[in-house]
Amino acid sequence: MAVEAPSSDATRAGVRAVATALLPELPAIGEGTAAHILARMPQFAHAGAEDLVLGSCQSNSAALLDALIRGVPLDATGPSVEVVESTRAFVQRGLSLATVVRAYRLGIAYWCERWAQGVARHAPEPAAAVA
């Protein structure tokens, strides 16, 4: 028996359902993302940039959930003004661009884990929301 791929409408509906259900968790997602990064990259603490990490994680998480709820394709989203400003501020505090990029990758990994948990709890069709 062949399994059919979810339709694009089912995918959009699944993504919207999960993203909307995660809205109340938004502060915790941003805080968790920041904690995940800071625990693995002491360079940010040495630079006194913990506040910037938290702010960046909060604004990135909010922008991502907003785009997911509105159905904006991820490849059509660009960095927000806050992302550009925080990246500049990290570099001004002496962090290399490679360090900042690694932190974004760690944040994305944490965010994907939270998304997968949200899919498991809230998706009407988990395969559609993951797609």
# chains A, B, ... in the order shown; residues from 1 in each chain; ligands from 1
$ residues_around --residues "Ile108 in chain A" --least-positions-apart "2" --cutoff "10 Å" --atoms "only C-alpha atoms" --output "PyMOL selection string"
chain A and resi 33+37+57+60-61+102-106+110-114
$ select_by_dssp --residues "range 36-78 of chain A" --states "helix (DSSP H, G or I)" --output "number ranges by chain"
A: 36-40, 43-46, 50-70, 74-76
$ closest_residue --among "A:Gln117, A:Ser56, A:Thr87, A:Gln43" --to "Ala19 in chain A" --atoms "only C-alpha atoms"
A:Gln117
$ atom_distance --atom1 "CA of Leu23 in chain A" --atom2 "CA of Ile69 in chain A"
9.6 Å
$ closest_residue --among "A:Val84, A:Val53, A:Ala89, A:Leu26" --to "Leu65 in chain A" --atoms "only C-alpha atoms"
A:Leu26
$ residues_around --residues "range 74-81 of chain A" --least-positions-apart "2" --cutoff "9 Å" --atoms "only C-alpha atoms" --output "PDB file with C-alpha atoms, in the first residue's frame"
ATOM      1  CA  SER A  59      12.994  38.167  18.158  1.00  0.00           C
ATOM      2  CA  ASN A  60      14.021  35.320  15.839  1.00  0.00           C
ATOM      3  CA  ALA A  63       9.531  36.250  13.518  1.00  0.00           C
ATOM      4  CA  LEU A  64       9.689  32.560  12.657  1.00  0.00           C
ATOM      5  CA  ALA A  67       5.974  33.598   9.229  1.00  0.00           C
ATOM      6  CA  LEU A  68       4.806  30.026   9.849  1.00  0.00           C
ATOM      7  CA  GLY A  71       2.215  30.714   5.562  1.00  0.00           C
ATOM      8  CA  VAL A  72       5.289  32.572   4.354  1.00  0.00           C
ATOM      9  CA  VAL A  83      18.743  39.930  13.485  1.00  0.00           C
ATOM     10  CA  VAL A  84      20.897  42.306  11.469  1.00  0.00           C
ATOM     11  CA  GLU A  85      21.297  44.651  14.446  1.00  0.00           C
ATOM     12  CA  SER A  86      22.125  41.881  16.907  1.00  0.00           C
TER      13      SER A  86
END
$ atom_distance --atom1 "CA of Met41 in chain A" --atom2 "CA of Arg93 in chain A"
14.7 Å
$ atom_distance --atom1 "CA of Leu54 in chain A" --atom2 "CA of Val119 in chain A"
24.3 Å
$ decode --residues "range 87-101 of chain A" --atoms "all heavy atoms" --output "compact mmCIF listing (two decimals), in the first residue's frame"
# COMPACT_ATOMS: atom_id res chain seq x y z
N THR A 87 23.42 40.88 15.11
CA THR A 87 24.65 40.34 14.52
C THR A 87 25.74 41.41 14.54
O THR A 87 26.88 41.13 14.91
CB THR A 87 24.39 39.85 13.07
OG1 THR A 87 23.39 38.83 13.12
CG2 THR A 87 25.65 39.30 12.44
N ARG A 88 25.38 42.62 14.17
CA ARG A 88 26.34 43.73 14.23
C ARG A 88 26.85 43.94 15.65
O ARG A 88 28.04 44.12 15.88
CB ARG A 88 25.65 45.02 13.75
CG ARG A 88 26.28 45.58 12.54
CD ARG A 88 25.66 46.91 12.13
NE ARG A 88 25.27 46.76 10.74
CZ ARG A 88 24.09 46.99 10.25
NH1 ARG A 88 23.13 47.45 11.00
NH2 ARG A 88 23.85 46.82 8.98
N ALA A 89 25.92 43.90 16.61
CA ALA A 89 26.29 44.12 18.02
C ALA A 89 27.21 43.00 18.52
O ALA A 89 28.14 43.28 19.30
CB ALA A 89 25.04 44.21 18.88
N PHE A 90 26.97 41.76 18.10
CA PHE A 90 27.87 40.66 18.50
C PHE A 90 29.28 40.93 18.02
O PHE A 90 30.25 40.77 18.76
CB PHE A 90 27.38 39.32 17.94
CG PHE A 90 26.14 38.78 18.59
CD1 PHE A 90 25.11 38.27 17.81
CD2 PHE A 90 25.98 38.75 19.97
CE1 PHE A 90 23.96 37.75 18.38
CE2 PHE A 90 24.84 38.23 20.55
CZ PHE A 90 23.82 37.72 19.76
N VAL A 91 29.40 41.33 16.75
CA VAL A 91 30.71 41.60 16.18
C VAL A 91 31.36 42.80 16.88
O VAL A 91 32.56 42.79 17.17
CB VAL A 91 30.61 41.79 14.65
CG1 VAL A 91 31.93 42.25 14.05
CG2 VAL A 91 30.14 40.49 13.98
N GLN A 92 30.56 43.82 17.20
CA GLN A 92 31.10 44.98 17.91
C GLN A 92 31.61 44.60 19.31
O GLN A 92 32.49 45.25 19.84
CB GLN A 92 30.04 46.07 18.02
CG GLN A 92 29.75 46.74 16.70
CD GLN A 92 28.53 47.66 16.76
OE1 GLN A 92 27.72 47.61 17.67
NE2 GLN A 92 28.40 48.49 15.73
N ARG A 93 31.05 43.55 19.89
CA ARG A 93 31.53 43.09 21.20
C ARG A 93 32.70 42.12 21.09
O ARG A 93 33.12 41.52 22.07
CB ARG A 93 30.39 42.43 21.98
CG ARG A 93 29.34 43.45 22.39
CD ARG A 93 28.52 42.99 23.54
NE ARG A 93 27.42 43.92 23.77
CZ ARG A 93 26.52 43.76 24.70
NH1 ARG A 93 26.56 42.71 25.50
NH2 ARG A 93 25.55 44.63 24.87
N GLY A 94 33.22 41.98 19.89
CA GLY A 94 34.43 41.21 19.70
C GLY A 94 34.24 39.76 19.29
O GLY A 94 35.21 39.00 19.23
N LEU A 95 33.02 39.36 19.00
CA LEU A 95 32.77 37.98 18.57
C LEU A 95 32.97 37.88 17.06
O LEU A 95 32.57 38.78 16.32
CB LEU A 95 31.35 37.57 18.95
CG LEU A 95 31.12 37.49 20.46
CD1 LEU A 95 29.64 37.59 20.78
CD2 LEU A 95 31.72 36.23 21.01
N SER A 96 33.59 36.80 16.63
CA SER A 96 33.82 36.63 15.19
C SER A 96 32.52 36.26 14.50
O SER A 96 31.59 35.73 15.13
CB SER A 96 34.87 35.53 14.96
OG SER A 96 34.32 34.26 15.28
N LEU A 97 32.49 36.51 13.21
CA LEU A 97 31.32 36.14 12.43
C LEU A 97 31.13 34.62 12.46
O LEU A 97 30.00 34.13 12.54
CB LEU A 97 31.44 36.65 11.00
CG LEU A 97 30.21 36.48 10.13
CD1 LEU A 97 28.99 37.13 10.77
CD2 LEU A 97 30.45 37.06 8.74
N ALA A 98 32.21 33.86 12.45
CA ALA A 98 32.12 32.40 12.52
C ALA A 98 31.46 31.97 13.84
O ALA A 98 30.64 31.04 13.84
CB ALA A 98 33.50 31.77 12.39
N THR A 99 31.76 32.63 14.92
CA THR A 99 31.15 32.33 16.21
C THR A 99 29.66 32.63 16.17
O THR A 99 28.84 31.84 16.63
CB THR A 99 31.83 33.14 17.33
OG1 THR A 99 33.20 32.74 17.41
CG2 THR A 99 31.16 32.94 18.67
N VAL A 100 29.29 33.76 15.59
CA VAL A 100 27.89 34.14 15.50
C VAL A 100 27.12 33.15 14.62
O VAL A 100 26.02 32.72 14.98
CB VAL A 100 27.75 35.58 14.97
CG1 VAL A 100 26.29 35.95 14.74
CG2 VAL A 100 28.41 36.57 15.94
N VAL A 101 27.69 32.75 13.51
CA VAL A 101 27.04 31.79 12.62
C VAL A 101 26.86 30.45 13.34
O VAL A 101 25.81 29.82 13.23
CB VAL A 101 27.83 31.64 11.30
CG1 VAL A 101 27.33 30.46 10.48
CG2 VAL A 101 27.76 32.92 10.49
